[in-house]
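Text of the file work-v7.txt, holding compact mmCIF, N, CA and C atoms:
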# COMPACT_ATOMS: atom_id res chain seq x y z
N MET H 1 0.85 -1.19 0.00
CA MET H 1 0.00 0.00 0.00
C MET H 1 0.88 1.22 0.00
N ASP H 2 0.60 2.16 -0.85
CA ASP H 2 1.34 3.40 -0.94
C ASP H 2 0.86 4.33 0.19
N GLN H 3 1.70 4.53 1.19
CA GLN H 3 1.33 5.33 2.35
C GLN H 3 1.29 6.83 2.07
N THR H 4 1.79 7.25 0.91
CA THR H 4 1.84 8.68 0.61
C THR H 4 0.52 9.22 0.09
N VAL H 5 -0.44 8.37 -0.20
CA VAL H 5 -1.72 8.81 -0.74
C VAL H 5 -2.56 9.36 0.40
N ALA H 6 -2.74 10.68 0.42
CA ALA H 6 -3.47 11.32 1.51
C ALA H 6 -4.83 11.85 1.07
N THR H 7 -5.02 12.03 -0.21
CA THR H 7 -6.29 12.53 -0.73
C THR H 7 -6.73 11.61 -1.87
N PHE H 8 -8.01 11.71 -2.19
CA PHE H 8 -8.50 10.92 -3.32
C PHE H 8 -7.87 11.40 -4.62
N ALA H 9 -7.74 12.71 -4.79
CA ALA H 9 -7.14 13.26 -6.01
C ALA H 9 -5.71 12.75 -6.21
N ALA H 10 -5.01 12.50 -5.10
CA ALA H 10 -3.62 12.03 -5.19
C ALA H 10 -3.51 10.60 -5.69
N LEU H 11 -4.65 9.89 -5.79
CA LEU H 11 -4.59 8.52 -6.30
C LEU H 11 -4.05 8.46 -7.72
N LEU H 12 -4.21 9.53 -8.47
CA LEU H 12 -3.75 9.53 -9.87
C LEU H 12 -2.38 10.16 -10.05
N THR H 13 -1.71 10.47 -8.93
CA THR H 13 -0.36 11.00 -9.02
C THR H 13 0.61 10.05 -8.33
N THR H 14 1.81 10.00 -8.81
CA THR H 14 2.82 9.13 -8.22
C THR H 14 4.20 9.63 -8.60
N ASP H 15 5.16 9.37 -7.74
CA ASP H 15 6.55 9.68 -8.04
C ASP H 15 7.22 8.52 -8.77
N ALA H 16 6.58 7.36 -8.69
CA ALA H 16 7.15 6.17 -9.34
C ALA H 16 6.96 6.25 -10.85
N PRO H 17 7.87 5.66 -11.60
CA PRO H 17 7.73 5.64 -13.06
C PRO H 17 6.71 4.59 -13.50
N LEU H 18 5.44 4.98 -13.52
CA LEU H 18 4.37 4.06 -13.91
C LEU H 18 3.76 4.50 -15.23
N THR H 19 3.26 3.53 -15.97
CA THR H 19 2.51 3.85 -17.18
C THR H 19 1.14 4.41 -16.77
N PRO H 20 0.47 5.13 -17.66
CA PRO H 20 -0.87 5.61 -17.32
C PRO H 20 -1.81 4.47 -16.92
N ALA H 21 -1.71 3.32 -17.57
CA ALA H 21 -2.55 2.18 -17.21
C ALA H 21 -2.24 1.70 -15.79
N ASP H 22 -0.96 1.70 -15.42
CA ASP H 22 -0.58 1.29 -14.07
C ASP H 22 -1.08 2.28 -13.02
N VAL H 23 -1.04 3.56 -13.34
CA VAL H 23 -1.54 4.58 -12.41
C VAL H 23 -3.04 4.38 -12.20
N GLN H 24 -3.77 4.13 -13.27
CA GLN H 24 -5.22 3.91 -13.15
C GLN H 24 -5.53 2.63 -12.38
N ARG H 25 -4.77 1.58 -12.61
CA ARG H 25 -4.96 0.32 -11.89
C ARG H 25 -4.66 0.52 -10.40
N ARG H 26 -3.61 1.27 -10.11
CA ARG H 26 -3.25 1.58 -8.72
C ARG H 26 -4.37 2.37 -8.06
N ALA H 27 -4.92 3.36 -8.75
CA ALA H 27 -6.02 4.16 -8.19
C ALA H 27 -7.22 3.27 -7.89
N SER H 28 -7.56 2.39 -8.80
CA SER H 28 -8.69 1.48 -8.60
C SER H 28 -8.46 0.57 -7.40
N ASN H 29 -7.24 0.08 -7.24
CA ASN H 29 -6.93 -0.81 -6.12
C ASN H 29 -6.92 -0.10 -4.78
N LEU H 30 -6.45 1.14 -4.75
CA LEU H 30 -6.34 1.88 -3.49
C LEU H 30 -7.62 2.59 -3.09
N LEU H 31 -8.53 2.81 -4.03
CA LEU H 31 -9.75 3.55 -3.73
C LEU H 31 -10.54 2.96 -2.56
N PRO H 32 -10.85 1.67 -2.54
CA PRO H 32 -11.62 1.14 -1.41
C PRO H 32 -10.91 1.31 -0.06
N ILE H 33 -9.59 1.21 -0.07
CA ILE H 33 -8.80 1.37 1.16
C ILE H 33 -8.91 2.80 1.66
N LEU H 34 -8.77 3.75 0.75
CA LEU H 34 -8.83 5.16 1.15
C LEU H 34 -10.25 5.54 1.59
N VAL H 35 -11.26 4.99 0.94
CA VAL H 35 -12.64 5.26 1.37
C VAL H 35 -12.84 4.71 2.78
N ALA H 36 -12.33 3.51 3.05
CA ALA H 36 -12.48 2.90 4.38
C ALA H 36 -11.82 3.75 5.47
N ARG H 37 -10.81 4.50 5.13
CA ARG H 37 -10.12 5.37 6.10
C ARG H 37 -10.78 6.74 6.22
N SER H 38 -11.80 6.98 5.43
CA SER H 38 -12.42 8.30 5.36
C SER H 38 -13.70 8.35 6.20
N GLY H 39 -14.41 9.46 6.10
CA GLY H 39 -15.71 9.61 6.75
C GLY H 39 -16.84 8.98 5.96
N MET H 40 -16.52 8.38 4.81
CA MET H 40 -17.51 7.72 3.96
C MET H 40 -17.35 6.21 4.11
N HIS H 41 -18.14 5.44 3.40
CA HIS H 41 -17.96 3.99 3.44
C HIS H 41 -18.04 3.41 2.03
N TRP H 42 -17.34 2.31 1.84
CA TRP H 42 -17.23 1.64 0.56
C TRP H 42 -18.41 0.71 0.35
N LEU H 43 -19.00 0.76 -0.83
CA LEU H 43 -20.10 -0.13 -1.19
C LEU H 43 -19.61 -1.15 -2.21
N ALA H 44 -19.30 -2.34 -1.74
CA ALA H 44 -18.94 -3.41 -2.67
C ALA H 44 -20.22 -4.01 -3.24
N LEU H 45 -21.29 -3.97 -2.44
CA LEU H 45 -22.61 -4.46 -2.84
C LEU H 45 -23.63 -3.41 -2.46
N PRO H 46 -24.77 -3.39 -3.13
CA PRO H 46 -25.81 -2.42 -2.76
C PRO H 46 -26.29 -2.65 -1.34
N GLU H 47 -26.68 -1.57 -0.68
CA GLU H 47 -27.25 -1.67 0.67
C GLU H 47 -28.76 -1.69 0.58
N PRO H 48 -29.40 -2.40 1.49
CA PRO H 48 -30.86 -2.30 1.52
C PRO H 48 -31.26 -0.91 2.02
N PRO H 49 -32.42 -0.43 1.61
CA PRO H 49 -32.85 0.89 2.08
C PRO H 49 -32.99 0.90 3.59
N ASN H 50 -32.59 2.01 4.20
CA ASN H 50 -32.83 2.14 5.63
C ASN H 50 -34.00 3.10 5.82
N GLY H 51 -34.68 2.99 6.92
CA GLY H 51 -35.90 3.77 7.12
C GLY H 51 -35.69 5.10 7.79
N THR H 52 -34.46 5.46 8.11
CA THR H 52 -34.24 6.71 8.82
C THR H 52 -33.12 7.51 8.18
N GLY H 53 -33.17 8.79 8.41
CA GLY H 53 -32.06 9.66 8.06
C GLY H 53 -31.83 9.87 6.58
N GLU H 54 -30.75 10.58 6.33
CA GLU H 54 -30.31 10.91 4.97
C GLU H 54 -29.17 9.99 4.57
N LYS H 55 -29.17 9.60 3.31
CA LYS H 55 -28.09 8.77 2.78
C LYS H 55 -27.80 9.21 1.36
N LEU H 56 -26.54 9.27 1.02
CA LEU H 56 -26.10 9.50 -0.35
C LEU H 56 -25.36 8.27 -0.83
N VAL H 57 -25.58 7.93 -2.08
CA VAL H 57 -24.79 6.89 -2.74
C VAL H 57 -24.18 7.55 -3.96
N VAL H 58 -22.86 7.43 -4.08
CA VAL H 58 -22.14 8.10 -5.16
C VAL H 58 -21.26 7.09 -5.87
N GLY H 59 -21.50 6.91 -7.16
CA GLY H 59 -20.66 6.07 -7.99
C GLY H 59 -19.70 6.94 -8.77
N ILE H 60 -18.42 6.65 -8.65
CA ILE H 60 -17.41 7.46 -9.34
C ILE H 60 -16.53 6.55 -10.20
N ALA H 61 -15.78 7.18 -11.09
CA ALA H 61 -14.79 6.47 -11.90
C ALA H 61 -13.43 6.72 -11.27
N SER H 62 -12.75 5.66 -10.87
CA SER H 62 -11.47 5.82 -10.18
C SER H 62 -10.39 6.43 -11.08
N TRP H 63 -10.62 6.46 -12.38
CA TRP H 63 -9.65 7.03 -13.31
C TRP H 63 -9.95 8.50 -13.60
N SER H 64 -11.00 9.06 -13.00
CA SER H 64 -11.41 10.44 -13.27
C SER H 64 -10.89 11.38 -12.18
N ALA H 65 -9.98 12.27 -12.54
CA ALA H 65 -9.47 13.25 -11.59
C ALA H 65 -10.60 14.11 -11.03
N HIS H 66 -11.57 14.43 -11.86
CA HIS H 66 -12.72 15.24 -11.43
C HIS H 66 -13.53 14.50 -10.37
N ASP H 67 -13.79 13.22 -10.58
CA ASP H 67 -14.54 12.42 -9.60
C ASP H 67 -13.76 12.27 -8.30
N LEU H 68 -12.46 12.06 -8.39
CA LEU H 68 -11.65 11.90 -7.18
C LEU H 68 -11.60 13.20 -6.38
N SER H 69 -11.53 14.33 -7.05
CA SER H 69 -11.59 15.62 -6.35
C SER H 69 -12.95 15.79 -5.67
N LEU H 70 -14.00 15.34 -6.32
CA LEU H 70 -15.34 15.37 -5.72
C LEU H 70 -15.35 14.55 -4.43
N LEU H 71 -14.69 13.40 -4.43
CA LEU H 71 -14.64 12.58 -3.21
C LEU H 71 -13.91 13.31 -2.08
N ASP H 72 -12.89 14.09 -2.41
CA ASP H 72 -12.22 14.88 -1.37
C ASP H 72 -13.20 15.87 -0.74
N GLU H 73 -14.02 16.51 -1.57
CA GLU H 73 -15.03 17.44 -1.05
C GLU H 73 -16.08 16.70 -0.21
N LEU H 74 -16.56 15.57 -0.71
CA LEU H 74 -17.56 14.79 0.03
C LEU H 74 -17.00 14.27 1.35
N ASN H 75 -15.74 13.89 1.36
CA ASN H 75 -15.14 13.40 2.59
C ASN H 75 -15.05 14.51 3.63
N ALA H 76 -14.66 15.70 3.22
CA ALA H 76 -14.61 16.83 4.16
C ALA H 76 -16.00 17.07 4.74
N PHE H 77 -17.01 16.98 3.90
CA PHE H 77 -18.39 17.16 4.35
C PHE H 77 -18.78 16.03 5.31
N ALA H 78 -18.48 14.78 4.96
CA ALA H 78 -18.85 13.63 5.78
C ALA H 78 -18.21 13.70 7.16
N GLU H 79 -16.99 14.18 7.22
CA GLU H 79 -16.31 14.26 8.50
C GLU H 79 -16.93 15.31 9.41
N SER H 80 -17.52 16.35 8.82
CA SER H 80 -18.14 17.39 9.64
C SER H 80 -19.65 17.19 9.83
N HIS H 81 -20.24 16.23 9.12
CA HIS H 81 -21.68 15.92 9.21
C HIS H 81 -21.87 14.41 9.33
N PRO H 82 -21.49 13.82 10.48
CA PRO H 82 -21.54 12.36 10.60
C PRO H 82 -22.94 11.76 10.55
N GLY H 83 -23.98 12.57 10.64
CA GLY H 83 -25.35 12.05 10.58
C GLY H 83 -25.80 11.67 9.19
N ILE H 84 -25.04 12.02 8.18
CA ILE H 84 -25.39 11.70 6.80
C ILE H 84 -24.44 10.61 6.31
N ARG H 85 -25.01 9.51 5.94
CA ARG H 85 -24.21 8.37 5.47
C ARG H 85 -23.92 8.55 3.99
N ILE H 86 -22.64 8.46 3.63
CA ILE H 86 -22.24 8.59 2.23
C ILE H 86 -21.55 7.29 1.81
N GLY H 87 -22.19 6.58 0.89
CA GLY H 87 -21.62 5.35 0.35
C GLY H 87 -21.02 5.61 -1.01
N VAL H 88 -19.90 4.98 -1.28
CA VAL H 88 -19.16 5.20 -2.53
C VAL H 88 -18.93 3.85 -3.21
N PHE H 89 -19.11 3.84 -4.54
CA PHE H 89 -18.74 2.67 -5.32
C PHE H 89 -18.04 3.12 -6.59
N ASP H 90 -17.24 2.22 -7.15
CA ASP H 90 -16.51 2.47 -8.39
C ASP H 90 -17.35 1.94 -9.55
N VAL H 91 -17.70 2.81 -10.47
CA VAL H 91 -18.58 2.42 -11.57
C VAL H 91 -17.99 1.28 -12.41
N ASP H 92 -16.69 1.18 -12.45
CA ASP H 92 -16.06 0.13 -13.25
C ASP H 92 -16.10 -1.24 -12.58
N ARG H 93 -16.44 -1.29 -11.32
CA ARG H 93 -16.47 -2.57 -10.58
C ARG H 93 -17.84 -3.21 -10.54
N VAL H 94 -18.88 -2.52 -11.00
CA VAL H 94 -20.24 -3.05 -10.82
C VAL H 94 -20.85 -3.59 -12.11
N GLY H 95 -20.07 -3.65 -13.16
CA GLY H 95 -20.54 -4.27 -14.39
C GLY H 95 -21.78 -3.63 -14.99
N GLY H 96 -21.92 -2.32 -14.83
CA GLY H 96 -23.07 -1.62 -15.41
C GLY H 96 -24.37 -1.83 -14.66
N GLU H 97 -24.34 -2.49 -13.52
CA GLU H 97 -25.56 -2.76 -12.76
C GLU H 97 -25.87 -1.61 -11.80
N PHE H 98 -25.98 -0.42 -12.35
CA PHE H 98 -26.18 0.78 -11.54
C PHE H 98 -27.53 0.79 -10.84
N GLU H 99 -28.54 0.18 -11.46
CA GLU H 99 -29.89 0.12 -10.87
C GLU H 99 -29.88 -0.61 -9.52
N ARG H 100 -28.96 -1.51 -9.33
CA ARG H 100 -28.87 -2.22 -8.05
C ARG H 100 -28.43 -1.28 -6.94
N PHE H 101 -27.65 -0.27 -7.27
CA PHE H 101 -27.16 0.68 -6.28
C PHE H 101 -28.09 1.87 -6.12
N ILE H 102 -28.66 2.32 -7.24
CA ILE H 102 -29.57 3.47 -7.22
C ILE H 102 -30.78 3.12 -8.09
N PRO H 103 -31.83 2.60 -7.47
CA PRO H 103 -33.01 2.19 -8.24
C PRO H 103 -33.60 3.35 -9.05
N GLY H 104 -33.93 3.04 -10.30
CA GLY H 104 -34.55 4.04 -11.17
C GLY H 104 -33.58 5.01 -11.82
N ILE H 105 -32.28 4.76 -11.72
CA ILE H 105 -31.29 5.71 -12.25
C ILE H 105 -31.36 5.79 -13.78
N GLY H 106 -31.81 4.74 -14.44
CA GLY H 106 -31.91 4.78 -15.90
C GLY H 106 -30.56 4.69 -16.57
N PRO H 107 -30.48 5.06 -17.85
CA PRO H 107 -29.20 4.96 -18.58
C PRO H 107 -28.15 5.89 -17.97
N VAL H 108 -26.93 5.39 -17.92
CA VAL H 108 -25.81 6.16 -17.36
C VAL H 108 -24.78 6.37 -18.46
N PHE H 109 -24.47 7.63 -18.72
CA PHE H 109 -23.47 7.96 -19.73
C PHE H 109 -22.24 8.64 -19.14
N HIS H 110 -22.40 9.25 -17.95
CA HIS H 110 -21.30 9.97 -17.32
C HIS H 110 -21.35 9.77 -15.81
N SER H 111 -20.18 9.80 -15.21
CA SER H 111 -20.11 9.80 -13.76
C SER H 111 -20.04 11.27 -13.29
N PRO H 112 -20.35 11.53 -12.04
CA PRO H 112 -20.72 10.58 -11.00
C PRO H 112 -22.18 10.17 -11.13
N ILE H 113 -22.48 9.06 -10.49
CA ILE H 113 -23.85 8.56 -10.39
C ILE H 113 -24.28 8.83 -8.96
N VAL H 114 -25.36 9.55 -8.78
CA VAL H 114 -25.74 10.02 -7.44
C VAL H 114 -27.17 9.63 -7.12
N GLY H 115 -27.35 9.10 -5.93
CA GLY H 115 -28.69 8.84 -5.40
C GLY H 115 -28.77 9.39 -4.00
N ARG H 116 -29.90 10.02 -3.68
CA ARG H 116 -30.12 10.55 -2.34
C ARG H 116 -31.37 9.91 -1.77
N TRP H 117 -31.23 9.35 -0.58
CA TRP H 117 -32.33 8.73 0.14
C TRP H 117 -32.71 9.62 1.32
N SER H 118 -33.97 9.66 1.62
CA SER H 118 -34.47 10.28 2.84
C SER H 118 -35.56 9.38 3.39
N GLY H 119 -35.41 8.98 4.65
CA GLY H 119 -36.40 8.08 5.24
C GLY H 119 -36.56 6.77 4.51
N GLY H 120 -35.50 6.26 3.91
CA GLY H 120 -35.55 4.98 3.23
C GLY H 120 -36.06 5.01 1.80
N VAL H 121 -36.32 6.22 1.27
CA VAL H 121 -36.88 6.37 -0.08
C VAL H 121 -35.93 7.20 -0.94
N VAL H 122 -35.70 6.75 -2.18
CA VAL H 122 -34.89 7.54 -3.10
C VAL H 122 -35.68 8.80 -3.46
N VAL H 123 -35.11 9.96 -3.14
CA VAL H 123 -35.80 11.22 -3.40
C VAL H 123 -35.17 12.01 -4.55
N GLU H 124 -33.93 11.70 -4.88
CA GLU H 124 -33.25 12.37 -5.99
C GLU H 124 -32.23 11.41 -6.57
N LYS H 125 -32.03 11.52 -7.88
CA LYS H 125 -30.99 10.72 -8.53
C LYS H 125 -30.58 11.42 -9.81
N GLY H 126 -29.34 11.24 -10.19
CA GLY H 126 -28.85 11.84 -11.42
C GLY H 126 -27.45 11.37 -11.73
N THR H 127 -27.02 11.63 -12.96
CA THR H 127 -25.69 11.25 -13.40
C THR H 127 -25.00 12.44 -14.04
N GLY H 128 -23.67 12.36 -14.09
CA GLY H 128 -22.90 13.42 -14.73
C GLY H 128 -23.18 14.78 -14.12
N HIS H 129 -23.44 15.77 -14.96
CA HIS H 129 -23.69 17.14 -14.51
C HIS H 129 -24.87 17.19 -13.54
N ASP H 130 -25.94 16.47 -13.84
CA ASP H 130 -27.11 16.46 -12.96
C ASP H 130 -26.75 15.88 -11.59
N GLY H 131 -25.94 14.85 -11.55
CA GLY H 131 -25.51 14.27 -10.28
C GLY H 131 -24.70 15.25 -9.47
N ARG H 132 -23.80 15.97 -10.14
CA ARG H 132 -22.99 16.99 -9.44
C ARG H 132 -23.88 18.11 -8.90
N GLN H 133 -24.90 18.48 -9.65
CA GLN H 133 -25.82 19.53 -9.19
C GLN H 133 -26.56 19.08 -7.93
N ILE H 134 -26.99 17.83 -7.90
CA ILE H 134 -27.64 17.30 -6.70
C ILE H 134 -26.71 17.42 -5.51
N LEU H 135 -25.47 16.99 -5.68
CA LEU H 135 -24.50 17.05 -4.58
C LEU H 135 -24.23 18.48 -4.16
N ASN H 136 -24.00 19.36 -5.12
CA ASN H 136 -23.72 20.76 -4.79
C ASN H 136 -24.87 21.39 -4.02
N ARG H 137 -26.08 21.16 -4.48
CA ARG H 137 -27.26 21.74 -3.83
C ARG H 137 -27.42 21.19 -2.41
N LEU H 138 -27.31 19.87 -2.28
CA LEU H 138 -27.49 19.24 -0.98
C LEU H 138 -26.40 19.68 0.01
N LEU H 139 -25.17 19.70 -0.43
CA LEU H 139 -24.08 20.10 0.47
C LEU H 139 -24.23 21.56 0.89
N ALA H 140 -24.65 22.41 -0.03
CA ALA H 140 -24.88 23.82 0.33
C ALA H 140 -26.02 23.95 1.34
N GLN H 141 -27.12 23.23 1.13
CA GLN H 141 -28.26 23.29 2.05
C GLN H 141 -27.86 22.79 3.43
N LEU H 142 -27.20 21.67 3.49
CA LEU H 142 -26.85 21.08 4.78
C LEU H 142 -25.79 21.89 5.50
N SER H 143 -24.86 22.47 4.76
CA SER H 143 -23.84 23.30 5.38
C SER H 143 -24.45 24.58 5.94
N ALA H 144 -25.42 25.15 5.24
CA ALA H 144 -26.09 26.36 5.72
C ALA H 144 -26.93 26.08 6.97
N ALA H 145 -27.48 24.87 7.04
CA ALA H 145 -28.33 24.52 8.18
C ALA H 145 -27.50 24.20 9.43
N ALA H 146 -26.22 23.88 9.24
CA ALA H 146 -25.39 23.47 10.39
C ALA H 146 -24.91 24.65 11.20

Can the structure from this file be put into structure tokens for me?
Amino acid sequence: MDQTVATFAALLTTDAPLTPADVQRRASNLLPILVARSGMHWLALPEPPNGTGEKLVVGIASWSAHDLSLLDELNAFAESHPGIRIGVFDVDRVGGEFERFIPGIGPVFHSPIVGRWSGGVVVEKGTGHDGRQILNRLLAQLSAAA
């Protein structure tokens, strides 16, 4: 394990002489470990709906610098708002079975894939730009309320 990886965005940087494919493979391998050390949690399998509270499920591409930077922002939020559960999965690991993680998400063309639950019910979902808008809006609302 590369102990120098301190942020999600840093998963795609290295001092070692690696090929781009090796850097992406390394990021994919280290992502679950880094999520486990964060204020978020790793979703290897979909979770059953829970009946209480707020939950976000975010599918990202481990090879996307933009998605990894988003995880850094979400982690900062998760650490300061422990009442909101944020689950993360790698879109490349689920074989296109996005509906299992976020019911009703429909066709997915871009990451991130975002689902928001409230009281055990999916209340918002989106992909790509729409997914980022959901996250931005929710994080702004919750930060203002805190």

_Please report the interatomic distance between atom C of H:Arg37 and atom C of H:Glu73 in Å with one decimal._
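Between atom C of H:Arg37 and atom C of H:Glu73 the gap is 13.0 Å.
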
_Around (-13.3, 6.5, -0.3), as given in the file, which residues come within 5 Å? Count only N, CA and C atoms and list them as number ranges by chain._
H: 34-36

How big is the axis-aligned box around the listed atoms of stretch 129-141 of chain H once 4 Å is added on each side, and where is its centre? Give both in Å to one decimal, as JSON.
{"center_x": -25.6, "center_y": 19.1, "center_z": -5.8, "size_x": 13.3, "size_y": 17.7, "size_z": 26.4}

*asked:* At a cut-off of 7 Å, using all atoms listed in the file, what residues contact H:Gly83? Leave out same-chain residues fewer than 2 positions from it and give the result as number ranges by chain.
replied: H: 53-54, 78, 80-81, 85

*Can you work out the spacing between atom N of H:Ile102 and atom N of H:Ala9 in Å, to one decimal?*
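Distance between the two atoms: 23.5 Å.
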
*Those of stretch 96-138 of chain H in DSSP strand (DSSP E or B), formatted as a PyMOL selection string*: chain H and resi 113-118+121-127

*Would you please work out which residue, of H:Gly96, H:Gly131, H:Pro107, H:Gly115, is nearest to H:Asp67 when using only C-alpha atoms?*
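Counting only C-alpha atoms, the residue closest to H:Asp67 is H:Gly131.
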